[in-house]
$ cat run-v5.cif   # mmCIF, C-alpha atoms and all ligand atoms; chains and numbers go by the auth columns
data_start
loop_
_atom_site.group_PDB
_atom_site.id
_atom_site.type_symbol
_atom_site.label_atom_id
_atom_site.label_comp_id
_atom_site.label_asym_id
_atom_site.label_seq_id
_atom_site.Cartn_x
_atom_site.Cartn_y
_atom_site.Cartn_z
_atom_site.B_iso_or_equiv
_atom_site.auth_seq_id
_atom_site.auth_asym_id
ATOM 1 C CA MET A 1 -92.655 -177.581 11.724 0.00 820 A
ATOM 2 C CA GLU A 2 -95.443 -176.641 9.392 0.00 821 A
ATOM 3 C CA SER A 3 -97.063 -173.284 10.052 0.00 822 A
ATOM 4 C CA ILE A 4 -100.784 -172.811 9.499 0.00 823 A
ATOM 5 C CA LEU A 5 -100.779 -169.044 9.891 0.00 824 A
ATOM 6 C CA ASN A 6 -98.156 -166.510 8.790 0.00 825 A
ATOM 7 C CA ILE A 7 -98.625 -162.849 9.612 0.00 826 A
ATOM 8 C CA ARG A 8 -96.085 -160.514 8.003 0.00 827 A
ATOM 9 C CA ASN A 9 -95.896 -156.744 8.601 0.00 828 A
ATOM 10 C CA VAL A 10 -99.622 -156.498 9.184 0.00 829 A
ATOM 11 C CA SER A 11 -101.129 -153.127 9.998 0.00 830 A
ATOM 12 C CA LYS A 12 -104.729 -152.012 10.312 0.00 831 A
ATOM 13 C CA ILE A 13 -105.581 -148.354 10.046 0.00 832 A
ATOM 14 C CA TYR A 14 -109.101 -146.997 10.449 0.00 833 A
ATOM 15 C CA GLN A 15 -110.257 -143.624 9.209 0.00 834 A
ATOM 16 C CA SER A 16 -112.120 -142.190 12.136 0.00 835 A
ATOM 17 C CA ALA A 17 -113.595 -138.677 12.356 0.00 836 A
ATOM 18 C CA GLY A 18 -111.317 -137.469 9.568 0.00 837 A
ATOM 19 C CA ARG A 19 -108.083 -138.828 11.013 0.00 838 A
ATOM 20 C CA GLU A 20 -106.150 -142.061 10.858 0.00 839 A
ATOM 21 C CA LEU A 21 -106.238 -144.458 13.764 0.00 840 A
ATOM 22 C CA THR A 22 -103.544 -147.158 13.733 0.00 841 A
ATOM 23 C CA VAL A 23 -105.091 -150.099 15.545 0.00 842 A
ATOM 24 C CA LEU A 24 -102.463 -152.710 14.575 0.00 843 A
ATOM 25 C CA ASP A 25 -98.929 -151.621 13.833 0.00 844 A
ATOM 26 C CA ASN A 26 -96.604 -153.948 11.929 0.00 845 A
ATOM 27 C CA ILE A 27 -97.514 -157.301 13.499 0.00 846 A
ATOM 28 C CA ASN A 28 -95.418 -160.401 12.740 0.00 847 A
ATOM 29 C CA PHE A 29 -95.830 -164.007 13.866 0.00 848 A
ATOM 30 C CA SER A 30 -96.207 -167.566 12.658 0.00 849 A
ATOM 31 C CA ILE A 31 -98.354 -170.246 14.227 0.00 850 A
ATOM 32 C CA THR A 32 -97.424 -173.921 14.056 0.00 851 A
ATOM 33 C CA ALA A 33 -100.223 -176.236 12.900 0.00 852 A
ATOM 34 C CA GLY A 34 -101.796 -178.061 15.826 0.00 853 A
ATOM 35 C CA SER A 35 -100.505 -175.641 18.459 0.00 854 A
ATOM 36 C CA THR A 36 -102.401 -173.655 21.093 0.00 855 A
ATOM 37 C CA VAL A 37 -101.920 -169.910 21.495 0.00 856 A
ATOM 38 C CA ALA A 38 -103.383 -167.305 23.822 0.00 857 A
ATOM 39 C CA ILE A 39 -103.604 -163.664 22.780 0.00 858 A
ATOM 40 C CA THR A 40 -103.894 -161.324 25.723 0.00 859 A
ATOM 41 C CA GLY A 41 -103.821 -157.582 26.220 0.00 860 A
ATOM 42 C CA PRO A 42 -105.846 -154.685 27.574 0.00 861 A
ATOM 43 C CA SER A 43 -109.234 -153.638 26.234 0.00 862 A
ATOM 44 C CA GLY A 44 -108.875 -151.761 22.960 0.00 863 A
ATOM 45 C CA SER A 45 -105.378 -153.132 22.246 0.00 864 A
ATOM 46 C CA GLY A 46 -106.471 -154.673 18.918 0.00 865 A
ATOM 47 C CA LYS A 47 -107.095 -158.333 19.807 0.00 866 A
ATOM 48 C CA THR A 48 -110.474 -158.715 18.085 0.00 867 A
ATOM 49 C CA THR A 49 -109.210 -156.769 15.077 0.00 868 A
ATOM 50 C CA LEU A 50 -106.185 -159.068 14.826 0.00 869 A
ATOM 51 C CA LEU A 51 -108.334 -162.202 15.061 0.00 870 A
ATOM 52 C CA GLY A 52 -110.636 -160.906 12.324 0.00 871 A
ATOM 53 C CA LEU A 53 -107.669 -160.332 9.991 0.00 872 A
ATOM 54 C CA CYS A 54 -106.159 -163.757 10.720 0.00 873 A
ATOM 55 C CA ALA A 55 -109.483 -165.462 9.988 0.00 874 A
ATOM 56 C CA GLY A 56 -110.089 -163.560 6.757 0.00 875 A
ATOM 57 C CA LEU A 57 -113.176 -161.795 8.109 0.00 876 A
ATOM 58 C CA ASP A 58 -111.544 -158.453 7.495 0.00 877 A
ATOM 59 C CA ARG A 59 -108.643 -157.168 5.392 0.00 878 A
ATOM 60 C CA ALA A 60 -105.365 -155.724 6.607 0.00 879 A
ATOM 61 C CA SER A 61 -104.457 -152.176 5.503 0.00 880 A
ATOM 62 C CA SER A 62 -100.994 -153.508 4.655 0.00 881 A
ATOM 63 C CA GLY A 63 -98.958 -156.685 5.073 0.00 882 A
ATOM 64 C CA THR A 64 -99.795 -160.300 4.341 0.00 883 A
ATOM 65 C CA VAL A 65 -101.920 -162.896 6.095 0.00 884 A
ATOM 66 C CA GLU A 66 -101.261 -166.422 4.930 0.00 885 A
ATOM 67 C CA LEU A 67 -103.672 -169.099 6.108 0.00 886 A
ATOM 68 C CA ASN A 68 -102.760 -172.667 5.259 0.00 887 A
ATOM 69 C CA GLY A 69 -100.392 -171.331 2.604 0.00 888 A
ATOM 70 C CA ILE A 70 -103.052 -169.112 0.996 0.00 889 A
ATOM 71 C CA ALA A 71 -102.462 -165.336 0.900 0.00 890 A
ATOM 72 C CA LEU A 72 -105.837 -163.928 1.967 0.00 891 A
ATOM 73 C CA GLU A 73 -105.262 -160.408 0.604 0.00 892 A
ATOM 74 C CA LYS A 74 -105.187 -161.825 -2.915 0.00 893 A
ATOM 75 C CA LEU A 75 -108.726 -163.200 -2.594 0.00 894 A
ATOM 76 C CA ASN A 76 -112.088 -161.520 -3.073 0.00 895 A
ATOM 77 C CA GLU A 77 -114.862 -161.699 -0.460 0.00 896 A
ATOM 78 C CA ASP A 78 -116.445 -164.871 -1.894 0.00 897 A
ATOM 79 C CA GLU A 79 -113.114 -166.658 -2.091 0.00 898 A
ATOM 80 C CA ARG A 80 -112.306 -165.714 1.488 0.00 899 A
ATOM 81 C CA ALA A 81 -115.721 -166.991 2.611 0.00 900 A
ATOM 82 C CA ALA A 82 -114.972 -170.316 0.928 0.00 901 A
ATOM 83 C CA ILE A 83 -111.593 -170.563 2.695 0.00 902 A
ATOM 84 C CA ARG A 84 -113.245 -169.739 6.031 0.00 903 A
ATOM 85 C CA ASN A 85 -115.855 -172.431 5.529 0.00 904 A
ATOM 86 C CA GLN A 86 -113.182 -174.949 4.649 0.00 905 A
ATOM 87 C CA TYR A 87 -110.607 -174.291 7.372 0.00 906 A
ATOM 88 C CA VAL A 88 -111.813 -171.840 9.985 0.00 907 A
ATOM 89 C CA GLY A 89 -114.008 -171.903 13.063 0.00 908 A
ATOM 90 C CA PHE A 90 -114.737 -168.584 14.772 0.00 909 A
ATOM 91 C CA ILE A 91 -116.273 -167.884 18.162 0.00 910 A
ATOM 92 C CA PHE A 92 -117.208 -164.204 18.253 0.00 911 A
ATOM 93 C CA GLN A 93 -116.921 -162.032 21.338 0.00 912 A
ATOM 94 C CA ASN A 94 -120.535 -160.958 20.746 0.00 913 A
ATOM 95 C CA PHE A 95 -121.633 -164.439 19.501 0.00 914 A
ATOM 96 C CA GLN A 96 -123.136 -163.245 16.174 0.00 915 A
ATOM 97 C CA LEU A 97 -125.849 -165.866 16.036 0.00 916 A
ATOM 98 C CA LEU A 98 -128.449 -165.386 13.317 0.00 917 A
ATOM 99 C CA PRO A 99 -131.497 -164.011 15.186 0.00 918 A
ATOM 100 C CA THR A 100 -134.124 -165.571 12.906 0.00 919 A
ATOM 101 C CA LEU A 101 -132.721 -169.094 13.311 0.00 920 A
ATOM 102 C CA THR A 102 -133.034 -171.416 16.293 0.00 921 A
ATOM 103 C CA ALA A 103 -129.984 -172.664 18.191 0.00 922 A
ATOM 104 C CA LEU A 104 -130.102 -175.890 16.188 0.00 923 A
ATOM 105 C CA GLU A 105 -130.436 -174.082 12.854 0.00 924 A
ATOM 106 C CA ASN A 106 -127.539 -171.767 13.730 0.00 925 A
ATOM 107 C CA VAL A 107 -125.289 -174.784 14.288 0.00 926 A
ATOM 108 C CA MET A 108 -126.544 -176.334 11.052 0.00 927 A
ATOM 109 C CA VAL A 109 -125.543 -173.356 8.853 0.00 928 A
ATOM 110 C CA PRO A 110 -121.840 -174.196 8.298 0.00 929 A
ATOM 111 C CA LEU A 111 -122.767 -177.841 7.734 0.00 930 A
ATOM 112 C CA GLU A 112 -125.314 -176.852 5.095 0.00 931 A
ATOM 113 C CA LEU A 113 -122.765 -174.617 3.390 0.00 932 A
ATOM 114 C CA ARG A 114 -120.459 -177.597 3.134 0.00 933 A
ATOM 115 C CA GLY A 115 -123.193 -179.876 1.853 0.00 934 A
ATOM 116 C CA ALA A 116 -122.580 -182.283 4.754 0.00 935 A
ATOM 117 C CA LYS A 117 -124.755 -185.331 5.466 0.00 936 A
ATOM 118 C CA ASN A 118 -126.941 -185.985 8.542 0.00 937 A
ATOM 119 C CA ILE A 119 -126.780 -182.299 9.347 0.00 938 A
ATOM 120 C CA ARG A 120 -129.575 -182.166 11.929 0.00 939 A
ATOM 121 C CA ALA A 121 -128.313 -185.156 13.911 0.00 940 A
ATOM 122 C CA HIS A 122 -124.764 -183.841 13.899 0.00 941 A
ATOM 123 C CA ALA A 123 -125.856 -180.368 14.996 0.00 942 A
ATOM 124 C CA LEU A 124 -127.915 -181.862 17.829 0.00 943 A
ATOM 125 C CA GLU A 125 -124.923 -183.882 18.947 0.00 944 A
ATOM 126 C CA LEU A 126 -122.813 -180.712 19.064 0.00 945 A
ATOM 127 C CA LEU A 127 -125.474 -178.870 21.075 0.00 946 A
ATOM 128 C CA ASP A 128 -125.589 -181.809 23.468 0.00 947 A
ATOM 129 C CA LYS A 129 -121.808 -181.540 23.937 0.00 948 A
ATOM 130 C CA VAL A 130 -122.164 -177.948 25.111 0.00 949 A
ATOM 131 C CA GLY A 131 -125.065 -178.918 27.398 0.00 950 A
ATOM 132 C CA LEU A 132 -127.829 -177.345 25.312 0.00 951 A
ATOM 133 C CA ALA A 133 -129.756 -180.287 23.862 0.00 952 A
ATOM 134 C CA ASP A 134 -132.891 -179.024 25.625 0.00 953 A
ATOM 135 C CA ARG A 135 -132.536 -175.515 24.151 0.00 954 A
ATOM 136 C CA SER A 136 -132.159 -176.528 20.517 0.00 955 A
ATOM 137 C CA HIS A 137 -135.423 -174.876 19.411 0.00 956 A
ATOM 138 C CA HIS A 138 -134.818 -171.607 21.235 0.00 957 A
ATOM 139 C CA TYR A 139 -134.070 -168.484 19.251 0.00 958 A
ATOM 140 C CA PRO A 140 -131.020 -166.431 20.317 0.00 959 A
ATOM 141 C CA VAL A 141 -133.194 -163.884 22.181 0.00 960 A
ATOM 142 C CA GLN A 142 -134.585 -166.786 24.216 0.00 961 A
ATOM 143 C CA LEU A 143 -131.102 -167.809 25.350 0.00 962 A
ATOM 144 C CA SER A 144 -128.917 -166.388 28.105 0.00 963 A
ATOM 145 C CA GLY A 145 -125.553 -164.826 27.196 0.00 964 A
ATOM 146 C CA GLY A 146 -123.648 -167.922 28.283 0.00 965 A
ATOM 147 C CA GLU A 147 -126.034 -170.161 26.328 0.00 966 A
ATOM 148 C CA GLN A 148 -125.546 -168.044 23.189 0.00 967 A
ATOM 149 C CA GLN A 149 -121.802 -168.338 23.695 0.00 968 A
ATOM 150 C CA ARG A 150 -122.101 -172.121 23.839 0.00 969 A
ATOM 151 C CA VAL A 151 -124.239 -172.231 20.660 0.00 970 A
ATOM 152 C CA SER A 152 -121.538 -170.131 19.001 0.00 971 A
ATOM 153 C CA LEU A 153 -118.990 -172.705 20.183 0.00 972 A
ATOM 154 C CA ALA A 154 -121.012 -175.623 18.803 0.00 973 A
ATOM 155 C CA ARG A 155 -121.327 -173.783 15.480 0.00 974 A
ATOM 156 C CA ALA A 156 -117.583 -173.129 15.354 0.00 975 A
ATOM 157 C CA PHE A 157 -116.882 -176.836 15.958 0.00 976 A
ATOM 158 C CA SER A 158 -119.328 -178.057 13.352 0.00 977 A
ATOM 159 C CA ASN A 159 -117.044 -178.029 10.324 0.00 978 A
ATOM 160 C CA GLN A 160 -114.124 -179.584 12.246 0.00 979 A
ATOM 161 C CA PRO A 161 -111.917 -176.601 11.486 0.00 980 A
ATOM 162 C CA ALA A 162 -108.165 -176.855 10.986 0.00 981 A
ATOM 163 C CA ILE A 163 -107.898 -173.616 12.945 0.00 982 A
ATOM 164 C CA LEU A 164 -110.257 -172.240 15.560 0.00 983 A
ATOM 165 C CA PHE A 165 -110.295 -168.586 16.606 0.00 984 A
ATOM 166 C CA ALA A 166 -112.061 -167.938 19.879 0.00 985 A
ATOM 167 C CA ASP A 167 -112.612 -164.374 21.094 0.00 986 A
ATOM 168 C CA GLU A 168 -113.138 -164.507 24.859 0.00 987 A
ATOM 169 C CA PRO A 169 -114.857 -167.921 24.693 0.00 988 A
ATOM 170 C CA THR A 170 -115.438 -168.055 28.437 0.00 989 A
ATOM 171 C CA GLY A 171 -116.215 -164.371 28.930 0.00 990 A
ATOM 172 C CA ASN A 172 -119.857 -164.951 29.824 0.00 991 A
ATOM 173 C CA LEU A 173 -119.660 -168.289 31.586 0.00 992 A
ATOM 174 C CA ASP A 174 -119.672 -169.381 35.222 0.00 993 A
ATOM 175 C CA ALA A 175 -116.673 -171.318 36.539 0.00 994 A
ATOM 176 C CA GLU A 176 -118.199 -174.749 36.011 0.00 995 A
ATOM 177 C CA THR A 177 -119.463 -174.134 32.457 0.00 996 A
ATOM 178 C CA SER A 178 -116.240 -172.347 31.655 0.00 997 A
ATOM 179 C CA GLU A 179 -114.269 -175.444 32.659 0.00 998 A
ATOM 180 C CA LYS A 180 -116.465 -177.607 30.383 0.00 999 A
ATOM 181 C CA VAL A 181 -115.991 -175.256 27.441 0.00 1000 A
ATOM 182 C CA ILE A 182 -112.224 -175.133 27.957 0.00 1001 A
ATOM 183 C CA LYS A 183 -112.145 -178.917 28.007 0.00 1002 A
ATOM 184 C CA LEU A 184 -114.091 -179.028 24.715 0.00 1003 A
ATOM 185 C CA LEU A 185 -111.614 -176.627 23.131 0.00 1004 A
ATOM 186 C CA PHE A 186 -108.547 -178.553 24.230 0.00 1005 A
ATOM 187 C CA ASP A 187 -110.129 -181.910 23.364 0.00 1006 A
ATOM 188 C CA LEU A 188 -110.652 -180.596 19.838 0.00 1007 A
ATOM 189 C CA ASN A 189 -106.974 -179.666 19.730 0.00 1008 A
ATOM 190 C CA LYS A 190 -105.915 -183.071 21.032 0.00 1009 A
ATOM 191 C CA ASP A 191 -108.337 -185.276 19.075 0.00 1010 A
ATOM 192 C CA ALA A 192 -108.663 -183.439 15.762 0.00 1011 A
ATOM 193 C CA GLY A 193 -105.360 -181.516 15.823 0.00 1012 A
ATOM 194 C CA THR A 194 -107.236 -178.220 15.562 0.00 1013 A
ATOM 195 C CA THR A 195 -104.986 -175.199 16.026 0.00 1014 A
ATOM 196 C CA LEU A 196 -106.426 -173.000 18.796 0.00 1015 A
ATOM 197 C CA ILE A 197 -106.005 -169.237 18.899 0.00 1016 A
ATOM 198 C CA ILE A 198 -107.757 -167.876 21.932 0.00 1017 A
ATOM 199 C CA VAL A 199 -108.180 -164.253 22.963 0.00 1018 A
ATOM 200 C CA THR A 200 -108.750 -164.201 26.680 0.00 1019 A
ATOM 201 C CA HIS A 201 -108.557 -162.154 29.862 0.00 1020 A
ATOM 202 C CA ASP A 202 -108.786 -165.426 31.796 0.00 1021 A
ATOM 203 C CA LEU A 203 -105.256 -166.063 33.079 0.00 1022 A
ATOM 204 C CA GLU A 204 -106.059 -169.659 33.942 0.00 1023 A
ATOM 205 C CA LEU A 205 -107.121 -170.327 30.350 0.00 1024 A
ATOM 206 C CA ALA A 206 -104.106 -168.430 28.959 0.00 1025 A
ATOM 207 C CA ALA A 207 -101.806 -170.537 31.150 0.00 1026 A
ATOM 208 C CA ARG A 208 -103.063 -173.717 29.517 0.00 1027 A
ATOM 209 C CA THR A 209 -101.968 -172.786 26.017 0.00 1028 A
ATOM 210 C CA ALA A 210 -98.448 -173.608 24.853 0.00 1029 A
ATOM 211 C CA ARG A 211 -97.752 -170.060 23.719 0.00 1030 A
ATOM 212 C CA SER A 212 -98.831 -166.628 24.817 0.00 1031 A
ATOM 213 C CA ILE A 213 -98.756 -163.459 22.710 0.00 1032 A
ATOM 214 C CA LYS A 214 -99.344 -160.151 24.490 0.00 1033 A
ATOM 215 C CA ILE A 215 -100.384 -157.070 22.580 0.00 1034 A
ATOM 216 C CA LYS A 216 -100.721 -153.504 23.728 0.00 1035 A
ATOM 217 C CA GLY A 217 -101.599 -150.444 21.698 0.00 1036 A
ATOM 218 C CA GLY A 218 -101.554 -152.478 18.494 0.00 1037 A
ATOM 219 C CA VAL A 219 -98.035 -153.921 18.881 0.00 1038 A
ATOM 220 C CA ILE A 220 -96.748 -157.243 20.216 0.00 1039 A
ATOM 221 C CA ILE A 221 -95.049 -156.588 23.552 0.00 1040 A
ATOM 222 C CA SER A 222 -94.184 -160.198 24.379 0.00 1041 A
ATOM 223 C CA ASP A 223 -94.316 -163.600 22.746 0.00 1042 A
ATOM 224 C CA GLU A 224 -93.583 -166.584 24.966 0.00 1043 A
ATOM 225 C CA ASN A 225 -92.465 -169.808 23.296 0.00 1044 A
ATOM 226 C CA PRO A 226 -92.636 -168.468 19.755 0.00 1045 A
ATOM 227 C CA THR A 227 -92.080 -170.898 16.951 0.00 1046 A
ATOM 228 C CA TYR A 228 -91.072 -169.121 13.807 0.00 1047 A
ATOM 229 C CA ALA A 229 -91.486 -170.931 10.539 0.00 1048 A
HETATM 230 N N1 LIG B . -114.519 -149.994 12.576 0.00 1101 B
HETATM 231 C C1 LIG B . -113.708 -149.280 13.380 0.00 1101 B
HETATM 232 N N2 LIG B . -113.469 -147.996 13.150 0.00 1101 B
HETATM 233 C C2 LIG B . -112.650 -147.265 13.953 0.00 1101 B
HETATM 234 N N3 LIG B . -112.027 -147.774 15.049 0.00 1101 B
HETATM 235 C C3 LIG B . -112.244 -149.070 15.332 0.00 1101 B
HETATM 236 C C4 LIG B . -113.095 -149.899 14.528 0.00 1101 B
HETATM 237 N N4 LIG B . -113.097 -151.153 15.075 0.00 1101 B
HETATM 238 C C5 LIG B . -112.295 -151.085 16.157 0.00 1101 B
HETATM 239 N N5 LIG B . -111.782 -149.853 16.325 0.00 1101 B
HETATM 240 C C6 LIG B . -110.856 -149.410 17.392 0.00 1101 B
HETATM 241 O O1 LIG B . -109.740 -150.285 17.355 0.00 1101 B
HETATM 242 C C7 LIG B . -109.238 -150.514 18.659 0.00 1101 B
HETATM 243 C C8 LIG B . -109.049 -152.001 18.867 0.00 1101 B
HETATM 244 O O2 LIG B . -110.327 -152.647 18.928 0.00 1101 B
HETATM 245 P P1 LIG B . -110.478 -154.192 19.236 0.00 1101 B
HETATM 246 O O3 LIG B . -111.911 -154.513 19.181 0.00 1101 B
HETATM 247 O O4 LIG B . -109.577 -154.940 18.336 0.00 1101 B
HETATM 248 O O5 LIG B . -109.909 -154.250 20.727 0.00 1101 B
HETATM 249 P P2 LIG B . -109.809 -155.508 21.737 0.00 1101 B
HETATM 250 O O6 LIG B . -108.385 -155.660 22.100 0.00 1101 B
HETATM 251 O O7 LIG B . -110.503 -156.670 21.153 0.00 1101 B
HETATM 252 O O8 LIG B . -110.592 -154.955 23.002 0.00 1101 B
HETATM 253 P P3 LIG B . -111.581 -155.734 24.049 0.00 1101 B
HETATM 254 O O9 LIG B . -110.679 -156.459 25.021 0.00 1101 B
HETATM 255 O O10 LIG B . -112.298 -154.599 24.715 0.00 1101 B
HETATM 256 O O11 LIG B . -112.480 -156.625 23.275 0.00 1101 B
HETATM 257 C C9 LIG B . -110.215 -149.878 19.610 0.00 1101 B
HETATM 258 O O12 LIG B . -109.651 -148.694 20.118 0.00 1101 B
HETATM 259 C C10 LIG B . -111.436 -149.574 18.763 0.00 1101 B
HETATM 260 O O13 LIG B . -112.078 -148.405 19.190 0.00 1101 B
HETATM 261 MG MG MG B . -112.212 -157.700 21.637 0.00 1102 B
#
$ encode --input "run-v5.cif" --output "structure tokens" --more "lines below"
Ligand SMILES: Nc1ncnc2c1ncn2[C@@H]1O[C@H](COP(=O)(O)OP(=O)(O)OP(=O)(O)O)[C@@H](O)[C@H]1O
Ligand SMILES: [Mg+2]
Amino acid sequence: MESILNIRNVSKIYQSAGRELTVLDNINFSITAGSTVAITGPSGSGKTTLLGLCAGLDRASSGTVELNGIALEKLNEDERAAIRNQYVGFIFQNFQLLPTLTALENVMVPLELRGAKNIRAHALELLDKVGLADRSHHYPVQLSGGEQQRVSLARAFSNQPAILFADEPTGNLDAETSEKVIKLLFDLNKDAGTTLIIVTHDLELAARTARSIKIKGGVIISDENPTYA
């Protein structure tokens, strides 16, 4: 089966207070296009760092990250941004909404970058899907944590990504809203064939993905149902 993501011998080393800190140590896996994967592990184990490397938001210290057949380490920042806009949706652990834009405008950004049509109507539709049609003109500071998380979700969906990275997408949501958001994620996988890579502490959510990768101290300690390309 076709793989959408190939990670080979990836390490990430930070220089911190004059010494080297190995946050990811020789990580290897391949992800089949259209599959669903949970990444779990304790706080500080490197999950967010790994997601950032896979999505081309950050660069590995060594190794290769191949997204849709494109080796990200060979690209400059602008080229990586273009690849992200074309293929990737990202839901950040800390949302990362633009503070000077309203909820609606935040969702519109990726659509504008793509030069899409009917941007406002489409963005409103996405906000409605996450239950925020009546908050579209609120700025991020005027939204609760869970509401910001849902705007971030709507934004990540907007360019119908081939691959969606979600960092704790239900971390700030109540049970009912969490269930709605999970349904949206899996519907996107089912209807649009979007590959889902979800970092989560929520065991119920992790249990719903086809594959589960556990990391600890920057190394993979288990990989259930791996599919190597
Ligand atoms: N820019 C940086 N410089 C130095 N160390 C960093 C940097 N970013 C992250 N780290 C360290 O890398 C380790 C992994 O961080 P990461 O955010 O990937 O963990 P995580 O698994 O996502 O944790 P959590 O579940 O708490 O979100 C942490 O120990 C963190 O302190
Ligand atoms: Mg994290």
$ residues_near_ligand --input "run-v5.cif" --ligand "ligand LIG 1101 (chain B)" --cutoff "10 Å" --atoms "all atoms listed in the file" --output "PyMOL selection string"
chain A and resi 831-836+839-843+858-871+912-913+986-987+1018-1020+1034-1037
$ resolve_selection --input "run-v5.cif" --expression "the PyMOL selection byres (((chain A and resi 928) around 12) and not hetatm)" --output "count of residues only"
30
$ residues_around --input "run-v5.cif" --residues "stretch 1004-1007 of chain A" --least-positions-apart "2" --cutoff "9 Å" --atoms "all atoms listed in the file" --output "list in words"
Thr855, Leu972, Phe976, Gln979, Leu983, Lys999, Val1000, Ile1001, Lys1002, Lys1009, Asp1010, Ala1011, Gly1012, Thr1013, Thr1014, Leu1015 and Thr1028 of chain A
$ axis_aligned_box --input "run-v5.cif" --around "stretch 862-865 of chain A" --padding-each-side "5 Å" --output "AutoDock Vina command-line options"
--center_x -107.3 --center_y -153.2 --center_z 22.6 --size_x 13.9 --size_y 12.9 --size_z 17.3
$ closest_residue --input "run-v5.cif" --among "A:Ile1017, A:Ser849, A:Asp953, A:Ala981" --to "ligand MG 1102 (chain B)" --atoms "all atoms listed in the file"
A:Ile1017
$ residues_around --input "run-v5.cif" --residues "A:Pro980" --least-positions-apart "6" --cutoff "8 Å" --atoms "all atoms listed in the file" --output "list in words"
Gln905, Tyr906, Val907, Gly908 and Thr1013 of chain A
$ closest_residue --input "run-v5.cif" --among "A:Tyr958, A:Ala994, A:Gly950, A:Ile910" --to "ligand MG 1102 (chain B)" --atoms "all atoms listed in the file"
A:Ile910
$ closest_residue --input "run-v5.cif" --among "A:Ala985, A:Ile902, A:Leu1003, A:Ala852" --to "ligand MG 1102 (chain B)" --atoms "all atoms listed in the file"
A:Ala985
$ resolve_selection --input "run-v5.cif" --expression "the PyMOL selection byres (((chain A and resi 899) around 12) and not hetatm)" --output "list in words"
Gly871, Leu872, Cys873, Ala874, Gly875, Leu876, Asp877, Arg878, Val884, Glu885, Leu886, Ile889, Ala890, Leu891, Glu892, Lys893, Leu894, Asn895, Glu896, Asp897, Glu898, Ala900, Ala901, Ile902, Arg903, Asn904, Gln905, Tyr906 and Val907 of chain A
$ atom_distance --input "run-v5.cif" --atom1 "atom CA of A:Ala1029" --atom2 "atom CA of A:Glu821"
16.0 Å
$ closest_residue --input "run-v5.cif" --among "A:Gly965, A:Ile982, A:Phe911, A:Ser880" --to "A:Ile823" --atoms "only C-alpha atoms"
A:Ile982
$ atom_distance --input "run-v5.cif" --atom1 "atom CA of A:Leu951" --atom2 "atom CA of A:Ala1026"
27.5 Å
$ closest_residue --input "run-v5.cif" --among "A:Pro959, A:Asn1008, A:Ser1031, A:Phe914" --to "ligand MG 1102 (chain B)" --atoms "only C-alpha atoms and all ligand atoms"
A:Phe914
$ closest_residue --input "run-v5.cif" --among "A:Ser963, A:Ser830, A:Asn937, A:Thr919" --to "A:Ala879" --atoms "all atoms listed in the file"
A:Ser830
$ atom_distance --input "run-v5.cif" --atom1 "atom CA of A:Ser822" --atom2 "atom CA of A:Ser997"
28.9 Å
$ residues_around --input "run-v5.cif" --residues "A:Ile1016" --least-positions-apart "5" --cutoff "6 Å" --atoms "all atoms listed in the file" --output "PDB file with C-alpha atoms, in the frame of the given file"
ATOM      1  CA  VAL A 856    -101.920-169.910  21.495  1.00  0.00           C
ATOM      2  CA  ALA A 857    -103.383-167.305  23.822  1.00  0.00           C
ATOM      3  CA  PHE A 984    -110.295-168.586  16.606  1.00  0.00           C
TER       4      PHE A 984
END
$ decode --input "run-v5.cif" --residues "stretch 964-974 of chain A" --atoms "N, CA and C atoms" --output "PDB file, in the first residue's frame"
ATOM      1  N   GLY A 964     -10.990  28.102  25.916  1.00  0.00           N
ATOM      2  CA  GLY A 964      -9.956  27.193  25.413  1.00  0.00           C
ATOM      3  C   GLY A 964     -10.528  26.171  24.437  1.00  0.00           C
ATOM      4  N   GLY A 965     -11.651  25.572  24.828  1.00  0.00           N
ATOM      5  CA  GLY A 965     -12.271  24.554  23.971  1.00  0.00           C
ATOM      6  C   GLY A 965     -12.764  25.147  22.654  1.00  0.00           C
ATOM      7  N   GLU A 966     -13.258  26.397  22.718  1.00  0.00           N
ATOM      8  CA  GLU A 966     -13.707  27.069  21.493  1.00  0.00           C
ATOM      9  C   GLU A 966     -12.523  27.364  20.573  1.00  0.00           C
ATOM     10  N   GLN A 967     -11.405  27.792  21.163  1.00  0.00           N
ATOM     11  CA  GLN A 967     -10.196  28.039  20.349  1.00  0.00           C
ATOM     12  C   GLN A 967      -9.738  26.734  19.698  1.00  0.00           C
ATOM     13  N   GLN A 968      -9.834  25.649  20.448  1.00  0.00           N
ATOM     14  CA  GLN A 968      -9.431  24.355  19.906  1.00  0.00           C
ATOM     15  C   GLN A 968     -10.298  23.980  18.698  1.00  0.00           C
ATOM     16  N   ARG A 969     -11.589  24.303  18.802  1.00  0.00           N
ATOM     17  CA  ARG A 969     -12.495  23.967  17.696  1.00  0.00           C
ATOM     18  C   ARG A 969     -12.267  24.864  16.475  1.00  0.00           C
ATOM     19  N   VAL A 970     -11.896  26.139  16.715  1.00  0.00           N
ATOM     20  CA  VAL A 970     -11.549  27.018  15.579  1.00  0.00           C
ATOM     21  C   VAL A 970     -10.298  26.451  14.884  1.00  0.00           C
ATOM     22  N   SER A 971      -9.352  26.011  15.695  1.00  0.00           N
ATOM     23  CA  SER A 971      -8.118  25.430  15.168  1.00  0.00           C
ATOM     24  C   SER A 971      -8.431  24.193  14.319  1.00  0.00           C
ATOM     25  N   LEU A 972      -9.419  23.440  14.756  1.00  0.00           N
ATOM     26  CA  LEU A 972      -9.869  22.250  14.015  1.00  0.00           C
ATOM     27  C   LEU A 972     -10.493  22.645  12.681  1.00  0.00           C
ATOM     28  N   ALA A 973     -11.366  23.651  12.719  1.00  0.00           N
ATOM     29  CA  ALA A 973     -12.017  24.119  11.486  1.00  0.00           C
ATOM     30  C   ALA A 973     -10.968  24.626  10.502  1.00  0.00           C
ATOM     31  N   ARG A 974      -9.960  25.330  11.023  1.00  0.00           N
ATOM     32  CA  ARG A 974      -8.888  25.851  10.168  1.00  0.00           C
ATOM     33  C   ARG A 974      -8.099  24.697   9.538  1.00  0.00           C
TER      34      ARG A 974
END
